[in-house]
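J.: Below is the file model-v3.cif, which contains mmCIF, C-alpha atoms.
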```cif
data_start
#
loop_
_atom_site.label_atom_id
_atom_site.label_comp_id
_atom_site.auth_asym_id
_atom_site.auth_seq_id
_atom_site.Cartn_x
_atom_site.Cartn_y
_atom_site.Cartn_z
CA MET G 109 107.64 -80.36 31.18
CA SER G 110 106.27 -83.85 31.63
CA HIS G 111 103.62 -84.73 34.16
CA LYS G 112 103.36 -87.95 36.03
CA ILE G 113 101.16 -90.90 35.17
CA LEU G 114 100.27 -94.01 37.15
CA LEU G 115 100.35 -97.21 35.08
CA ALA G 116 98.69 -100.44 36.19
CA PHE G 117 101.70 -102.73 35.76
CA SER G 118 101.91 -106.52 35.55
CA GLY G 119 105.44 -106.72 34.14
CA GLY G 120 104.26 -108.50 31.00
CA LEU G 121 104.74 -107.43 27.40
CA ASP G 122 101.78 -105.05 27.14
CA THR G 123 102.48 -103.06 30.30
CA SER G 124 106.24 -103.08 29.65
CA PHE G 125 105.53 -101.57 26.25
CA CYS G 126 103.29 -98.99 27.92
CA VAL G 127 106.10 -97.80 30.23
CA ARG G 128 108.45 -97.05 27.38
CA TYR G 129 105.78 -95.68 25.05
CA LEU G 130 104.33 -93.33 27.66
CA GLN G 131 107.85 -92.04 28.45
CA LYS G 132 109.23 -91.70 24.95
CA GLU G 133 106.21 -90.82 22.86
CA LYS G 134 103.97 -89.01 25.35
CA GLY G 135 106.57 -87.40 27.64
CA PHE G 136 105.19 -88.76 30.91
CA GLU G 137 107.08 -89.42 34.11
CA VAL G 138 105.81 -92.99 34.50
CA HIS G 139 105.10 -94.49 37.92
CA THR G 140 103.98 -98.11 38.09
CA ALA G 141 101.82 -100.04 40.53
CA THR G 142 100.99 -103.71 40.84
CA VAL G 143 97.91 -104.76 42.76
CA GLN G 144 98.47 -107.87 44.86
CA THR G 145 95.20 -109.76 45.30
CA GLY G 146 96.89 -112.92 46.53
CA GLY G 147 98.10 -114.41 43.27
CA PHE G 148 101.75 -113.33 43.30
CA SER G 149 104.57 -114.81 45.37
CA ALA G 150 107.13 -112.52 47.01
CA GLU G 151 109.63 -113.56 44.32
CA GLU G 152 107.21 -112.70 41.52
CA LEU G 153 106.49 -109.29 43.04
CA ALA G 154 110.23 -108.63 43.32
CA ALA G 155 110.69 -109.58 39.66
CA ILE G 156 107.82 -107.29 38.61
CA GLU G 157 109.34 -104.41 40.58
CA ALA G 158 112.78 -105.06 39.06
CA GLN G 159 111.21 -105.05 35.57
CA ALA G 160 109.50 -101.71 36.30
CA TYR G 161 112.76 -100.06 37.30
CA LYS G 162 114.66 -101.66 34.41
CA LEU G 163 112.17 -100.02 32.06
CA GLY G 164 112.67 -96.64 33.71
CA SER G 165 109.71 -96.33 36.05
CA ALA G 166 110.21 -93.34 38.37
CA SER G 167 108.66 -95.33 41.22
CA HIS G 168 106.93 -98.64 41.73
CA SER G 169 104.34 -99.57 44.33
CA THR G 170 102.86 -102.92 45.25
CA LEU G 171 99.37 -102.36 46.56
CA ASP G 172 98.44 -105.27 48.82
CA CYS G 173 94.68 -105.61 48.55
CA THR G 174 94.44 -109.31 49.31
CA HIS G 175 92.36 -108.90 52.47
CA ASP G 176 90.06 -106.28 50.95
CA TYR G 177 89.60 -108.39 47.81
CA TYR G 178 88.51 -111.33 49.89
CA GLN G 179 86.25 -109.30 52.19
CA ARG G 180 84.59 -107.24 49.45
CA VAL G 181 84.39 -109.76 46.62
CA ILE G 182 85.67 -113.30 46.85
CA ARG G 183 83.80 -114.45 49.93
CA PHE G 184 80.47 -113.54 48.31
CA LEU G 185 81.39 -115.34 45.10
CA VAL G 186 82.47 -118.39 47.08
CA PHE G 187 79.32 -118.33 49.24
CA GLY G 188 77.15 -117.95 46.14
CA ASN G 189 79.20 -120.32 43.96
CA VAL G 190 78.79 -117.77 41.16
CA LEU G 191 79.85 -119.13 37.77
CA ARG G 192 79.41 -117.57 34.35
CA HIS G 193 77.93 -120.09 31.94
CA GLN G 194 78.14 -122.56 34.83
CA THR G 195 81.89 -122.97 34.29
CA TYR G 196 83.79 -119.67 34.57
CA PRO G 197 84.32 -118.28 38.11
CA LEU G 198 83.28 -114.64 38.27
CA SER G 199 86.11 -113.98 40.72
CA VAL G 200 88.46 -113.55 37.75
CA SER G 201 86.63 -110.54 36.30
CA ALA G 202 85.92 -109.20 39.78
CA GLU G 203 89.67 -109.04 40.41
CA ARG G 204 90.04 -106.34 37.73
CA MET G 205 87.48 -104.15 39.51
CA SER G 206 89.39 -104.53 42.77
CA GLN G 207 92.64 -103.68 41.03
CA ALA G 208 91.12 -100.62 39.38
CA LEU G 209 89.71 -99.40 42.71
CA ALA G 210 93.09 -99.82 44.42
CA LEU G 211 94.86 -97.96 41.61
CA ALA G 212 92.34 -95.10 41.67
CA GLU G 213 92.72 -94.75 45.45
CA HIS G 214 96.53 -94.78 45.08
CA ALA G 215 96.33 -92.14 42.35
CA GLN G 216 94.14 -89.90 44.53
CA LYS G 217 96.43 -90.31 47.53
CA HIS G 218 99.57 -89.44 45.54
CA GLY G 219 98.18 -86.71 43.28
CA PHE G 220 98.35 -88.40 39.90
CA THR G 221 96.53 -86.50 37.15
CA ALA G 222 96.79 -89.31 34.61
CA LEU G 223 96.40 -93.09 34.69
CA ALA G 224 97.15 -95.83 32.18
CA HIS G 225 96.56 -99.52 31.69
CA GLY G 226 97.65 -102.06 29.13
CA SER G 227 94.30 -103.68 28.40
CA THR G 228 93.56 -104.39 24.77
CA GLY G 229 90.32 -103.56 23.01
CA ALA G 230 89.40 -107.24 22.90
CA GLY G 231 88.02 -107.94 26.37
CA ASN G 232 86.13 -106.46 29.26
CA ASP G 233 89.19 -105.63 31.39
CA GLN G 234 89.45 -102.30 29.55
CA VAL G 235 85.86 -101.47 30.50
CA ARG G 236 86.45 -102.26 34.16
CA PHE G 237 89.58 -100.09 34.40
CA ASP G 238 88.09 -97.22 32.39
CA LEU G 239 84.80 -97.23 34.28
CA VAL G 240 86.41 -97.08 37.72
CA PHE G 241 88.98 -94.46 36.67
CA GLN G 242 86.30 -92.27 35.06
CA ALA G 243 83.92 -92.60 38.01
CA LEU G 244 86.44 -91.98 40.78
CA LEU G 245 88.82 -89.60 38.97
CA PRO G 246 86.70 -87.81 36.36
CA GLN G 247 89.32 -85.09 35.88
CA ALA G 248 92.18 -87.54 35.22
CA GLU G 249 93.51 -88.37 31.77
CA ILE G 250 93.27 -92.07 30.89
CA HIS G 251 95.80 -93.52 28.47
CA THR G 252 95.47 -96.94 26.86
CA PRO G 253 98.41 -97.35 24.47
CA ILE G 254 97.75 -100.98 23.56
CA ARG G 255 94.13 -100.29 22.63
CA GLU G 256 94.81 -96.90 21.01
CA LEU G 257 97.71 -98.06 18.83
CA ARG G 258 96.23 -101.49 17.94
CA LEU G 259 99.69 -103.02 17.76
CA SER G 260 100.37 -106.70 17.35
CA ARG G 261 102.46 -108.43 19.98
CA ALA G 262 105.26 -108.67 17.39
CA GLU G 263 105.18 -104.87 16.95
CA GLU G 264 105.36 -104.39 20.74
CA VAL G 265 108.34 -106.76 20.92
CA ALA G 266 110.08 -104.88 18.09
CA TYR G 267 109.45 -101.50 19.77
CA LEU G 268 111.01 -102.72 23.02
CA ALA G 269 113.88 -104.46 21.21
CA ALA G 270 114.82 -101.13 19.62
CA ASP G 271 115.47 -99.96 23.22
CA GLY G 272 117.47 -103.08 24.07
CA ILE G 273 114.61 -104.69 26.03
CA HIS G 274 113.95 -108.26 24.93
CA PHE G 275 110.89 -110.42 25.49
#
```
Taking this structure as input, can you express it in the form of structure tokens?
T.:
Amino acid sequence: MSHKILLAFSGGLDTSFCVRYLQKEKGFEVHTATVQTGGFSAEELAAIEAQAYKLGSASHSTLDCTHDYYQRVIRFLVFGNVLRHQTYPLSVSAERMSQALALAEHAQKHGFTALAHGSTGAGNDQVRFDLVFQALLPQAEIHTPIRELRLSRAEEVAYLAADGIHF
């Protein structure tokens, strides 16, 4: 019998691949969640939700953390004018931490025993998601299909195309 997993879902290629892979290859009942930190319009959120259900997500949640993200993170970065290498706003990387916290809280609230994200092994987003998930849900399984499988984008597209899903 499959158990349920919560996938951080953007609706893009990597997380769309993760939905199908986690269902077909790992036997999970996949539930998706998108964290709204203020960057998505209502239309974009509706399109992301539609994509989740098209892929077979058992449920989809939009976690609106815009106010918390501002209160906990952005206002301090704005006040401090914090830039990495004097050009890159740190608010971008801070958003991943806020998303990971929201997903971990959602997983705790709804009894998920496994979480997943579509971060690659190339950047620090994977570290942010993994760190928060491990710290707040040490007993939960963490799945990272994109990083674990080391697939090219072309291989992801081909995998989805075999299921009739085209990117």
J.: Spell out the residues picked by the PyMOL selection byres ((chain G and resi 249) around 9) here, as a VMD selection string.
T.: chain G and resid 113 221 to 224 242 245 to 248 250 to 251
J.: To one decimal in Å, tell me the separation between atom CA of Glu152 of chain G and atom CA of Asp172 of chain G.
T.: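 Between atom CA of Glu152 of chain G and atom CA of Asp172 of chain G the gap is 13.6 Å.
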J.: Nearest to Ala150 of chain G among G:Ala208, G:Glu263, G:Thr170, G:Phe125, with distances taken over all atoms listed in the file: which residue is it?
T.: G:Thr170
J.: Could you tell me how far atom CA of Ile156 of chain G sits from atom CA of Ser118 of chain G, in Å to one decimal place?
T.: 6.7 Å
J.: List as a list in words the residues having at least one atom at most 8 Å from position (94.0, -100.0, 22.7) as given in the file, counting all atoms listed in the file.
T.: Gly226, Ser227, Thr228, Gly229, Thr252, Pro253, Ile254, Arg255, Glu256, Leu257 and Arg258 of chain G
J.: Would you output that residue set with C-alpha atoms, as a PDB file, in the coordinates of the input?
T.:
```
ATOM      1  CA  GLY G 226      97.650-102.060  29.130  1.00  0.00           C
ATOM      2  CA  SER G 227      94.300-103.680  28.400  1.00  0.00           C
ATOM      3  CA  THR G 228      93.560-104.390  24.770  1.00  0.00           C
ATOM      4  CA  GLY G 229      90.320-103.560  23.010  1.00  0.00           C
ATOM      5  CA  THR G 252      95.470 -96.940  26.860  1.00  0.00           C
ATOM      6  CA  PRO G 253      98.410 -97.350  24.470  1.00  0.00           C
ATOM      7  CA  ILE G 254      97.750-100.980  23.560  1.00  0.00           C
ATOM      8  CA  ARG G 255      94.130-100.290  22.630  1.00  0.00           C
ATOM      9  CA  GLU G 256      94.810 -96.900  21.010  1.00  0.00           C
ATOM     10  CA  LEU G 257      97.710 -98.060  18.830  1.00  0.00           C
ATOM     11  CA  ARG G 258      96.230-101.490  17.940  1.00  0.00           C
TER      12      ARG G 258
END
```
J.: Fewer than 3 positions away in the same chain doesn't count, so skip those; otherwise give me all residues within 10 Å of Ser206 of chain G, counting only C-alpha atoms, as a ChimeraX atom specification.
T.: /G:143-145,173-174,176-178,180-181,201-203,209-212,236-237,240
J.: Which is closer to Ala262 of chain G than all the others in G:Glu151, G:Glu137, G:Asp122, G:Lys112, using only C-alpha atoms?
T.: G:Asp122
J.: Which is closer to Ala270 of chain G than all the others in G:Asp233, G:Tyr129, G:Leu244, G:Gly219, using all atoms listed in the file?
T.: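 So, comparing all the options, the nearest one is G:Tyr129.
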J.: To one decimal place in Å, what is the distance between atom CA of Lys162 of chain G and atom CA of Arg204 of chain G?
T.: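 Result for atom CA of Lys162 of chain G versus atom CA of Arg204 of chain G: 25.3 Å, one decimal.
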J.: Find the residues with any atom within 12 Å of (111.5, -105.6, 38.6); use only C-alpha atoms and the coordinates as given in the file, and write the answer as an NGL selection string.
T.: :G and (117-120 or 124 or 140-142 or 150-165 or 167-170)
J.: I'd like to see the residues matched by the PyMOL selection byres ((chain G and resi 128) around 10) on this file, and ideally I'd get them as a list in words.
T.: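 With the PyMOL selection byres ((chain G and resi 128) around 10) on this model, the match is Thr123, Ser124, Phe125, Cys126, Val127, Tyr129, Leu130, Gln131, Lys132, Glu133, Lys134, Gly135, Phe136, Val138, Leu163, Gly164, Ser165, Tyr267, Leu268, Asp271 and Ile273 of chain G.
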J.: Could you write those residues out with C-alpha atoms, as a PDB file, in the coordinates of the input?
T.:
```pdb
ATOM      1  CA  THR G 123     102.480-103.060  30.300  1.00  0.00           C
ATOM      2  CA  SER G 124     106.240-103.080  29.650  1.00  0.00           C
ATOM      3  CA  PHE G 125     105.530-101.570  26.250  1.00  0.00           C
ATOM      4  CA  CYS G 126     103.290 -98.990  27.920  1.00  0.00           C
ATOM      5  CA  VAL G 127     106.100 -97.800  30.230  1.00  0.00           C
ATOM      6  CA  TYR G 129     105.780 -95.680  25.050  1.00  0.00           C
ATOM      7  CA  LEU G 130     104.330 -93.330  27.660  1.00  0.00           C
ATOM      8  CA  GLN G 131     107.850 -92.040  28.450  1.00  0.00           C
ATOM      9  CA  LYS G 132     109.230 -91.700  24.950  1.00  0.00           C
ATOM     10  CA  GLU G 133     106.210 -90.820  22.860  1.00  0.00           C
ATOM     11  CA  LYS G 134     103.970 -89.010  25.350  1.00  0.00           C
ATOM     12  CA  GLY G 135     106.570 -87.400  27.640  1.00  0.00           C
ATOM     13  CA  PHE G 136     105.190 -88.760  30.910  1.00  0.00           C
ATOM     14  CA  VAL G 138     105.810 -92.990  34.500  1.00  0.00           C
ATOM     15  CA  LEU G 163     112.170-100.020  32.060  1.00  0.00           C
ATOM     16  CA  GLY G 164     112.670 -96.640  33.710  1.00  0.00           C
ATOM     17  CA  SER G 165     109.710 -96.330  36.050  1.00  0.00           C
ATOM     18  CA  TYR G 267     109.450-101.500  19.770  1.00  0.00           C
ATOM     19  CA  LEU G 268     111.010-102.720  23.020  1.00  0.00           C
ATOM     20  CA  ASP G 271     115.470 -99.960  23.220  1.00  0.00           C
ATOM     21  CA  ILE G 273     114.610-104.690  26.030  1.00  0.00           C
TER      22      ILE G 273
END
```
J.: Between G:Val235, G:Leu259, G:Leu191, G:Ala166, which one has atoms that come closest to Leu114 of chain G, using only C-alpha atoms?
T.: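 Of the candidates, the smallest distance to Leu114 of chain G is held by G:Ala166.
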J.: Quick one: residues within 8 Å of Val265 of chain G, only C-alpha atoms, excluding same-chain residues fewer than 6 positions away - as a ChimeraX atom specification?
T.: /G:121,125,274-275
J.: G:Ala243, G:Asn232, G:Thr195, G:His225: which is nearest Glu213 of chain G, counting all atoms listed in the file?
T.: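 With all atoms listed in the file as the atom set, the closest residue is G:Ala243.
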